Amino acid sequence: MGNLQINTTQNVNLDYKIVSIGERIVAFLIDGFILWMYAFLVNIIIDAMGYIYEDTWTQRGLAALIFLPAMFYSLLMHSIFNGRTVGKMLLKMRVVRLDGTPVHWSNYLVRWMLRLVDIWIFLGSIGILSILFSERRQRVGDAAAGTVVISTKNKTKVSHTILEEIKEEYTPQFTNVTLLTDKDVRLIKDTFLIARRSNDFKTLTALRSKVEGLLSIKSDLYDVQFLDTVLKDYNYYTQKM
């Protein structure tokens, strides 16, 4: 896997790993298996409809309607689940934009439309070749949409950076943490960690007051909880940028 450094709109450099072609193929096969299972169930439903509707055209029309979501599986999954399908979730990867801005639905649409060239018309050969010979492991759809598939696996600790480890389901509390700068967050985290280790509650209270002043907010959380939440919220929003 290669490295990719993305500079977010908050001027935070995020270093990602670009997934290998092998991982992308495995994710594709997982999604393909899900679609095969869906088609299998659709066939069962079609057989059952044969006992209800004798008209062949009615059966075909209903079957096409039921199978319609499968045709848009990739587009819908990427749009709803922040650049991930089931296969990508299991292998911990997702689609992001190269310029660090949030991926728009139109980017997913471009990728989805060009699957016709990358995968279906030429049996995957175009997509495989473009990934192999692209510096950022992009297929044609990625290149056109300005996206790349990155790994979300945590291979390195972030305790010595301005970032915090957060879970996928994390919900932020303070939306205006983006008012902070990279330098602010570095200072807050360093001071917070030192004061917490030494049980310096006076420094924690002073730091909390300073952060509340910078963000123009008041919170009922205790000092440690408040500062920890601010750091996690900042990380959440910079990852989404």
# chains A, B, ... in the order shown; residues from 1 in each chain; ligands from 1

$ residues_around --residues "Phe33 (chain A)" --least-positions-apart "5" --cutoff "12 Å" --atoms "only C-alpha atoms" --output "list in words"
Val26, Ala27, Phe28, Tyr38, Ala39, Phe40, Ala70, Val86 and Gly87 of chain A

$ residues_around --residues "Ala64 (chain A)" --least-positions-apart "3" --cutoff "12 Å" --atoms "only C-alpha atoms" --output "list in words"
Ala39, Val42, Asn43, Ile45, Ile46, Trp57, Thr58, Gln59, Arg60, Gly61, Phe67, Leu68, Pro69, Ala70 and Met71 of chain A

$ write_last_selection --atoms "N, CA and C atoms" --output "PDB file, in the first residue's frame"
ATOM      1  N   ALA A  39     -30.211 -11.652  -5.463  1.00  0.00           N
ATOM      2  CA  ALA A  39     -30.795 -12.181  -6.701  1.00  0.00           C
ATOM      3  C   ALA A  39     -31.428 -13.546  -6.465  1.00  0.00           C
ATOM      4  N   VAL A  42     -34.703 -12.957  -4.924  1.00  0.00           N
ATOM      5  CA  VAL A  42     -35.621 -12.420  -5.931  1.00  0.00           C
ATOM      6  C   VAL A  42     -36.186 -13.547  -6.790  1.00  0.00           C
ATOM      7  N   ASN A  43     -35.324 -14.517  -7.157  1.00  0.00           N
ATOM      8  CA  ASN A  43     -35.797 -15.656  -7.950  1.00  0.00           C
ATOM      9  C   ASN A  43     -36.836 -16.473  -7.197  1.00  0.00           C
ATOM     10  N   ILE A  45     -38.865 -15.263  -4.977  1.00  0.00           N
ATOM     11  CA  ILE A  45     -40.077 -14.436  -4.995  1.00  0.00           C
ATOM     12  C   ILE A  45     -40.778 -14.531  -6.337  1.00  0.00           C
ATOM     13  N   ILE A  46     -39.984 -14.543  -7.428  1.00  0.00           N
ATOM     14  CA  ILE A  46     -40.567 -14.656  -8.776  1.00  0.00           C
ATOM     15  C   ILE A  46     -41.307 -15.983  -8.924  1.00  0.00           C
ATOM     16  N   TRP A  57     -45.905 -10.915 -18.115  1.00  0.00           N
ATOM     17  CA  TRP A  57     -45.420  -9.536 -18.093  1.00  0.00           C
ATOM     18  C   TRP A  57     -45.544  -8.917 -16.692  1.00  0.00           C
ATOM     19  N   THR A  58     -46.577  -9.264 -15.992  1.00  0.00           N
ATOM     20  CA  THR A  58     -46.749  -8.780 -14.621  1.00  0.00           C
ATOM     21  C   THR A  58     -45.643  -9.324 -13.725  1.00  0.00           C
ATOM     22  N   GLN A  59     -45.340 -10.605 -13.915  1.00  0.00           N
ATOM     23  CA  GLN A  59     -44.267 -11.234 -13.140  1.00  0.00           C
ATOM     24  C   GLN A  59     -42.930 -10.547 -13.401  1.00  0.00           C
ATOM     25  N   ARG A  60     -42.646 -10.301 -14.691  1.00  0.00           N
ATOM     26  CA  ARG A  60     -41.379  -9.667 -15.048  1.00  0.00           C
ATOM     27  C   ARG A  60     -41.295  -8.240 -14.524  1.00  0.00           C
ATOM     28  N   GLY A  61     -42.403  -7.519 -14.597  1.00  0.00           N
ATOM     29  CA  GLY A  61     -42.420  -6.143 -14.115  1.00  0.00           C
ATOM     30  C   GLY A  61     -42.173  -6.052 -12.615  1.00  0.00           C
ATOM     31  N   PHE A  67     -35.795  -6.006  -8.069  1.00  0.00           N
ATOM     32  CA  PHE A  67     -34.350  -6.074  -8.280  1.00  0.00           C
ATOM     33  C   PHE A  67     -33.714  -4.696  -8.473  1.00  0.00           C
ATOM     34  N   LEU A  68     -34.542  -3.663  -8.622  1.00  0.00           N
ATOM     35  CA  LEU A  68     -34.036  -2.308  -8.893  1.00  0.00           C
ATOM     36  C   LEU A  68     -33.017  -1.813  -7.857  1.00  0.00           C
ATOM     37  N   PRO A  69     -33.229  -2.002  -6.530  1.00  0.00           N
ATOM     38  CA  PRO A  69     -32.236  -1.522  -5.562  1.00  0.00           C
ATOM     39  C   PRO A  69     -30.849  -2.126  -5.757  1.00  0.00           C
ATOM     40  N   ALA A  70     -30.796  -3.380  -6.247  1.00  0.00           N
ATOM     41  CA  ALA A  70     -29.499  -4.033  -6.461  1.00  0.00           C
ATOM     42  C   ALA A  70     -28.702  -3.321  -7.547  1.00  0.00           C
ATOM     43  N   MET A  71     -29.398  -2.756  -8.534  1.00  0.00           N
ATOM     44  CA  MET A  71     -28.713  -2.051  -9.618  1.00  0.00           C
ATOM     45  C   MET A  71     -27.989  -0.808  -9.098  1.00  0.00           C
TER      46      MET A  71
END

$ select_by_dssp --residues "region 3-240 of chain A" --states "strand (DSSP E)" --output "ChimeraX atom specification"
/A:3-7,13-18,93-97,147-151

$ residues_around --residues "Leu207 (chain A)" --least-positions-apart "2" --cutoff "10 Å" --atoms "only C-alpha atoms" --output "PyMOL selection string"
chain A and resi 187-188+191-192+195+201-205+209-213+223+227

$ closest_residue --among "A:Tyr108, A:Tyr170, A:Phe122, A:Phe81" --to "Ala143 (chain A)" --atoms "only C-alpha atoms"
A:Tyr108

$ select_by_dssp --residues "region 13-97 of chain A" --states "alpha helix (DSSP H)" --output "VMD selection string"
chain A and resid 21 to 49 56 to 71 73 to 80 86 to 91

$ closest_residue --among "A:His78, A:Lys153, A:Lys183, A:Lys218" --to "Val19 (chain A)" --atoms "only C-alpha atoms"
A:Lys153

$ decode --residues "region 88-184 of chain A" --atoms "C-alpha atoms" --output "PDB file, in the first residue's frame"
ATOM      1  CA  LYS A  88     -15.436  -1.881   2.429  1.00  0.00           C
ATOM      2  CA  MET A  89     -16.810  -1.838   5.977  1.00  0.00           C
ATOM      3  CA  LEU A  90     -15.572  -5.372   6.634  1.00  0.00           C
ATOM      4  CA  LEU A  91     -12.116  -4.583   5.223  1.00  0.00           C
ATOM      5  CA  LYS A  92     -12.045  -1.145   6.898  1.00  0.00           C
ATOM      6  CA  MET A  93     -11.713   1.090   3.877  1.00  0.00           C
ATOM      7  CA  ARG A  94     -13.641   3.983   2.404  1.00  0.00           C
ATOM      8  CA  VAL A  95     -13.732   6.490  -0.441  1.00  0.00           C
ATOM      9  CA  VAL A  96     -12.400  10.014   0.199  1.00  0.00           C
ATOM     10  CA  ARG A  97     -11.673  13.042  -1.955  1.00  0.00           C
ATOM     11  CA  LEU A  98      -8.088  13.878  -2.832  1.00  0.00           C
ATOM     12  CA  ASP A  99      -8.481  17.545  -1.900  1.00  0.00           C
ATOM     13  CA  GLY A 100      -9.691  16.769   1.630  1.00  0.00           C
ATOM     14  CA  THR A 101     -13.229  18.125   1.140  1.00  0.00           C
ATOM     15  CA  PRO A 102     -16.284  15.947   1.930  1.00  0.00           C
ATOM     16  CA  VAL A 103     -17.262  13.554  -0.846  1.00  0.00           C
ATOM     17  CA  HIS A 104     -20.396  14.823  -2.607  1.00  0.00           C
ATOM     18  CA  TRP A 105     -23.095  12.507  -3.942  1.00  0.00           C
ATOM     19  CA  SER A 106     -22.123  13.610  -7.459  1.00  0.00           C
ATOM     20  CA  ASN A 107     -18.639  12.120  -6.910  1.00  0.00           C
ATOM     21  CA  TYR A 108     -20.220   8.792  -6.015  1.00  0.00           C
ATOM     22  CA  LEU A 109     -22.457   9.095  -9.080  1.00  0.00           C
ATOM     23  CA  VAL A 110     -19.442   9.547 -11.385  1.00  0.00           C
ATOM     24  CA  ARG A 111     -17.703   6.520  -9.828  1.00  0.00           C
ATOM     25  CA  TRP A 112     -20.866   4.442 -10.158  1.00  0.00           C
ATOM     26  CA  MET A 113     -21.470   5.379 -13.803  1.00  0.00           C
ATOM     27  CA  LEU A 114     -17.891   4.589 -14.796  1.00  0.00           C
ATOM     28  CA  ARG A 115     -18.149   1.100 -13.280  1.00  0.00           C
ATOM     29  CA  LEU A 116     -19.587   0.312 -16.708  1.00  0.00           C
ATOM     30  CA  VAL A 117     -16.136   0.932 -18.214  1.00  0.00           C
ATOM     31  CA  ASP A 118     -13.995  -0.146 -15.261  1.00  0.00           C
ATOM     32  CA  ILE A 119     -15.788  -3.404 -14.505  1.00  0.00           C
ATOM     33  CA  TRP A 120     -18.684  -4.541 -16.647  1.00  0.00           C
ATOM     34  CA  ILE A 121     -17.891  -3.938 -20.355  1.00  0.00           C
ATOM     35  CA  PHE A 122     -14.290  -5.174 -20.216  1.00  0.00           C
ATOM     36  CA  LEU A 123     -14.780  -7.709 -17.387  1.00  0.00           C
ATOM     37  CA  GLY A 124     -12.788  -5.669 -14.887  1.00  0.00           C
ATOM     38  CA  SER A 125      -9.633  -5.417 -16.999  1.00  0.00           C
ATOM     39  CA  ILE A 126      -9.763  -1.616 -17.369  1.00  0.00           C
ATOM     40  CA  GLY A 127     -10.307  -1.111 -13.655  1.00  0.00           C
ATOM     41  CA  ILE A 128      -7.512  -3.504 -12.684  1.00  0.00           C
ATOM     42  CA  LEU A 129      -5.019  -1.992 -15.127  1.00  0.00           C
ATOM     43  CA  SER A 130      -5.820   1.580 -14.110  1.00  0.00           C
ATOM     44  CA  ILE A 131      -5.395   0.689 -10.414  1.00  0.00           C
ATOM     45  CA  LEU A 132      -2.114  -1.115 -11.076  1.00  0.00           C
ATOM     46  CA  PHE A 133      -0.576   1.702 -13.099  1.00  0.00           C
ATOM     47  CA  SER A 134      -2.039   4.651 -11.202  1.00  0.00           C
ATOM     48  CA  GLU A 135       0.151   6.355  -8.621  1.00  0.00           C
ATOM     49  CA  ARG A 136      -2.752   6.581  -6.175  1.00  0.00           C
ATOM     50  CA  ARG A 137      -4.285   3.196  -7.068  1.00  0.00           C
ATOM     51  CA  GLN A 138      -7.294   4.813  -8.751  1.00  0.00           C
ATOM     52  CA  ARG A 139      -9.584   3.190 -11.256  1.00  0.00           C
ATOM     53  CA  VAL A 140     -10.983   5.338 -14.069  1.00  0.00           C
ATOM     54  CA  GLY A 141     -14.047   6.201 -11.970  1.00  0.00           C
ATOM     55  CA  ASP A 142     -11.853   7.418  -9.093  1.00  0.00           C
ATOM     56  CA  ALA A 143      -9.690   9.537 -11.382  1.00  0.00           C
ATOM     57  CA  ALA A 144     -12.766  11.163 -12.929  1.00  0.00           C
ATOM     58  CA  ALA A 145     -14.421  11.787  -9.554  1.00  0.00           C
ATOM     59  CA  GLY A 146     -11.249  12.989  -7.818  1.00  0.00           C
ATOM     60  CA  THR A 147     -11.487  10.245  -5.211  1.00  0.00           C
ATOM     61  CA  VAL A 148      -9.298   7.487  -3.812  1.00  0.00           C
ATOM     62  CA  VAL A 149      -9.948   4.414  -1.645  1.00  0.00           C
ATOM     63  CA  ILE A 150      -8.052   4.552   1.656  1.00  0.00           C
ATOM     64  CA  SER A 151      -7.627   2.213   4.611  1.00  0.00           C
ATOM     65  CA  THR A 152      -9.252   3.211   7.906  1.00  0.00           C
ATOM     66  CA  LYS A 153      -7.302   0.664   9.924  1.00  0.00           C
ATOM     67  CA  ASN A 154      -5.460   2.241  12.846  1.00  0.00           C
ATOM     68  CA  LYS A 155      -1.898   1.101  12.238  1.00  0.00           C
ATOM     69  CA  THR A 156      -0.255   3.808  14.312  1.00  0.00           C
ATOM     70  CA  LYS A 157      -1.115   5.406  17.631  1.00  0.00           C
ATOM     71  CA  VAL A 158      -2.248   9.009  17.584  1.00  0.00           C
ATOM     72  CA  SER A 159      -1.493   9.832  21.205  1.00  0.00           C
ATOM     73  CA  HIS A 160       1.429  12.055  20.161  1.00  0.00           C
ATOM     74  CA  THR A 161      -0.522  13.979  17.515  1.00  0.00           C
ATOM     75  CA  ILE A 162      -3.294  16.550  17.738  1.00  0.00           C
ATOM     76  CA  LEU A 163      -5.778  13.816  16.834  1.00  0.00           C
ATOM     77  CA  GLU A 164      -7.758  11.479  19.068  1.00  0.00           C
ATOM     78  CA  GLU A 165      -8.905   7.914  18.476  1.00  0.00           C
ATOM     79  CA  ILE A 166     -12.686   7.856  18.053  1.00  0.00           C
ATOM     80  CA  LYS A 167     -15.192   5.165  17.213  1.00  0.00           C
ATOM     81  CA  GLU A 168     -17.181   5.126  13.981  1.00  0.00           C
ATOM     82  CA  GLU A 169     -20.459   5.741  15.846  1.00  0.00           C
ATOM     83  CA  TYR A 170     -19.074   8.739  17.800  1.00  0.00           C
ATOM     84  CA  THR A 171     -21.466  11.711  18.064  1.00  0.00           C
ATOM     85  CA  PRO A 172     -19.859  15.167  18.554  1.00  0.00           C
ATOM     86  CA  GLN A 173     -21.249  17.688  21.048  1.00  0.00           C
ATOM     87  CA  PHE A 174     -19.537  20.968  20.167  1.00  0.00           C
ATOM     88  CA  THR A 175     -19.894  21.985  16.526  1.00  0.00           C
ATOM     89  CA  ASN A 176     -17.793  25.133  16.855  1.00  0.00           C
ATOM     90  CA  VAL A 177     -14.557  23.290  17.757  1.00  0.00           C
ATOM     91  CA  THR A 178     -13.523  24.031  14.168  1.00  0.00           C
ATOM     92  CA  LEU A 179     -12.851  27.589  15.354  1.00  0.00           C
ATOM     93  CA  LEU A 180      -9.715  26.195  16.980  1.00  0.00           C
ATOM     94  CA  THR A 181      -6.471  26.108  15.055  1.00  0.00           C
ATOM     95  CA  ASP A 182      -3.991  23.283  14.712  1.00  0.00           C
ATOM     96  CA  LYS A 183      -1.711  25.115  17.157  1.00  0.00           C
ATOM     97  CA  ASP A 184      -4.552  25.592  19.671  1.00  0.00           C
TER      98      ASP A 184
END
